[in-house]
Structures are given as structure tokens and as C-alpha cells.
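Participant: This structure is in C-alpha cells; I'll ask about it shortly.
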Amino acid sequence: MSVANSGLQGARVIDIHAHAVLEETFGGAGAFGPELYAEADGVPVFRIGDYRLRGVRYRGSPFMEPALRIAAMDRIGIDWQLLSPNPLTYFHYIPADEAIRFCRVHNDALAAVVAQFPDRLGAAAALPMQDVGAAIAELRRTVRELGFRAAYIGADMPHGLSDAVMDPFYDAVSALDVPLFIHPASAGIDGPPGPASLGLFELDITVGFAMQETVALATLLFGGVLHRHPALDICISHGGGAISLLWGRLRHAAHKRTWVPEHLRPEGRFEETLQRIWYDIHMHDSQSLDLLIARVGQERLVYGTNFAGWDAPQSLDTHGMEPLLADNARRLLRG
């Protein structure tokens, strides 16, 4: 399938949800890894601290080989892709000095990958969120010196997304005029474990990710983050989790619960606030997408694939909205 070669500005299909694994980062977080090795039976293992992911072939795949990534993008019909950190390696809970070192190595390595294919790839920064000052410094470095287009963080960290300690970070993101992407990770990799029930049947991924995305959105909403930072653009993965399904319940809470901030109480303010969020439509279901569109409209929907991941589409799945999604992505990425 032929694709455009004129960079982000001329791209017909823009994928904003694509993670990269980088050889240079192995061992970058000290004892936490990451480490990639093969067991005696030849099965690859990706280790982060005490967590082990078995059976995912990173080496020799588009995750780690830029030329293979570009070839796979061509086969599917993706013109341009934003590369972001592997959710297994957010490292938001490890000692700050190790996280700072890892993020710097990661971002330098990612910049080198993008430099090989500057018309096809862009980068989002890995950030050490347990130290907000260091995260701000690294984001400024990556945007100003490396040309990164976005900030990228997990949904969970030692402090909450609406904690006052995050306000200087949100101010910095807004001042740099880049979007902030929030994406979940399996609980317990380097932070607190999640509910034991999520350990069954890979529910930590299939259900737990949606739960984290929904909680993140509700936290941003009720915590007043978008009210305090009117220039902040935030994109949430997978259609915002279950936000469109829980819309009515959360809206009812916005009008009825005594703890809801005054700025959120006026009629229509709940809807307006959630329509300021950007939503990646990697959702696997057209009816779910229809419901999301009914809630938030189409103006802030962008195309994402989890490229090369277990749930990535094998062909374009833009639901007939290719021009709209590409134009939205250009606005989001300041392209």
C-alpha cells in the first residue's frame, strides 16, 4: 500500500499510539532493568524488577527495528507515527535518580530512531514523574533540544494526577505547547499491586487498563486540572476507558455530590470539560466508538493502533474517518 512521504503535514494516516523498545535502555534503571533474555526453552522474557513478561518477541520485530517498523507501516498504510515509551517501563515508582537516568537514556535513544526516518516518525518523552522538577527539566530538554512533540506518562504514580504538586508540570507542558499523553500500565510492575482478581485471565490488561483510564479522566475532571490549566491538551488512550458508558453516572455526581467544585456545577460544564480531552479511538468496537462520538463529538478523536502489540489491527481501522482523524492529530501535535 502506498503512503505519503511528506512528513506529518502531508500524512493521510497518523498513528499516535505506538510504543518503542530500545536496546540502549537495557539496564538503564539499574536492578530494575529492563532486561531481555531467552529462557532455556527459547521463549523470550522481558524483565522489569520482579515482573516478567514471557513470549513477546521484541528483538527482530518492529518494536525494536526501525526499518521493520517502517515496512510494517507501509503494509498497513500508516504514513506517520508518534513513538512513545513502553508502558512496562514508565518506572514512576523506582528511586528518582534511577528513573531520571533511565528517561534520559531512553529519550536520547528514541531521538536517534526518529532521526533515521524524520518524515515518518516523531517522539514523545519518557518522564520521571516521581520527581516533578526533574520531569519538567527532562521535558524541556526533549522538546527544545531533541524536537520531541509530546509528553508521555502513566496513569499511576506516587502522587495523583490532580495533586497540587503536578500543577507546575502542567504549566510547563502548556508553556512548551505540547500535548500530554496518559496511558495505563499493569499494576504492580514497579508500584503497588492492583486487585488480586486482575491477576486472572490477563484482566490487568483487558479490564485494568480501561479502569485506569476512566479513573484518570474522572480525577482530571473532578480535581479541576483542566479548569486550572485552560491551555493544557491531554490525550487518553483507548477511548478514555469506560468514560462514555459511565457518562451519566459521573454527570449526575457533578450535579449532586457536595464535594464537587463550584466551577463544575453549572449546567453543561461537565460535558464541556470532558469534550476538551482528546481520545485515541483504539477501541475494537464500532458501537463503542459511536457512543464515544455521541458523548464528545469528533473534533478531538485521533487514530491509534498499539502498533505491533497484541491487539494491534492488521489493517487500517479508521472507521471511514481518515481525513478527520489525520487533521485532528495534526492539531493535537501542532503539526
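Here, A, B, ... name the chains of the C-alpha cells in the order displayed, residue numbers run from 1 inside each chain, and ligands are numbered from 1 in the same displayed order.
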Which neighbours of Asp280 in chain A fall inside 12 Å, counting only C-alpha atoms, when residues of the same chain fewer than 4 positions from it are skipped, and could you give them as a VMD selection string?
Facilitator: chain A and resid 14 to 18 181 to 183 213 234 to 241 284 289 292 to 293 298 to 306 318 325 to 326 328 to 329 332
Participant: At a cut-off of 7 Å, can you tabulate as JSON lines every residue of range 45-127 of chain A near range 153-174 of chain A together with its closest atom pair and the distance in Å to one decimal, using only C-alpha atoms and ordering rows by chain then number?
Facilitator:
{"residue": "A:Tyr90", "atom": "CA", "partner": "A:Gly154", "partner_atom": "CA", "distance": 6.4}
{"residue": "A:His92", "atom": "CA", "partner": "A:Met157", "partner_atom": "CA", "distance": 5.5}
{"residue": "A:Tyr93", "atom": "CA", "partner": "A:Met157", "partner_atom": "CA", "distance": 6.4}
{"residue": "A:Ala126", "atom": "CA", "partner": "A:Ile153", "partner_atom": "CA", "distance": 6.8}
{"residue": "A:Leu127", "atom": "CA", "partner": "A:Ile153", "partner_atom": "CA", "distance": 6.6}
Participant: Write down as a ChimeraX atom specification the residues of range 13-249 of chain A whose backbone DSSP state falls under strand (DSSP E or B).
Facilitator: /A:14-20,35-38,44-48,51-54,80-85,121-126,150-154,180-183,234-236
Participant: Counting only C-alpha atoms, which residue out of A:Asp74, A:Glu98, A:Asp233, A:Asp79 sits closest to Gly33 in chain A?
Facilitator: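 Of A:Asp74, A:Glu98, A:Asp233, A:Asp79, the one nearest Gly33 in chain A is A:Glu98, counting only C-alpha atoms.
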Participant: Please, what distance in Å, to one decimal, runs between CA of Asp311 in chain A and CA of Asp285 in chain A?
Facilitator: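 Separation of CA of Asp311 in chain A and CA of Asp285 in chain A: 12.3 Å.
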Participant: Check the smallest atom-to-atom distance from each of A:Leu274, A:Ala124, A:Leu221, A:Ala231 to Asp108 in chain A using only C-alpha atoms, then report the winner.
Facilitator: A:Ala124
Participant: Determine which residues of range 182-249 of chain A receive a DSSP assignment of alpha helix (DSSP H), computed from the backbone, and state them as a list in words.
Facilitator: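 Matching residues for alpha helix (DSSP H) in range 182-249 of chain A are Leu203, Asp204, Ile205, Thr206, Gly208, Phe209, Ala210, Met211, Gln212, Glu213, Thr214, Val215, Ala216, Leu217, Ala218, Thr219, Leu220, Leu221, Phe222, Val225, Leu226, His227, Arg228, Trp247, Gly248 and Arg249 of chain A.
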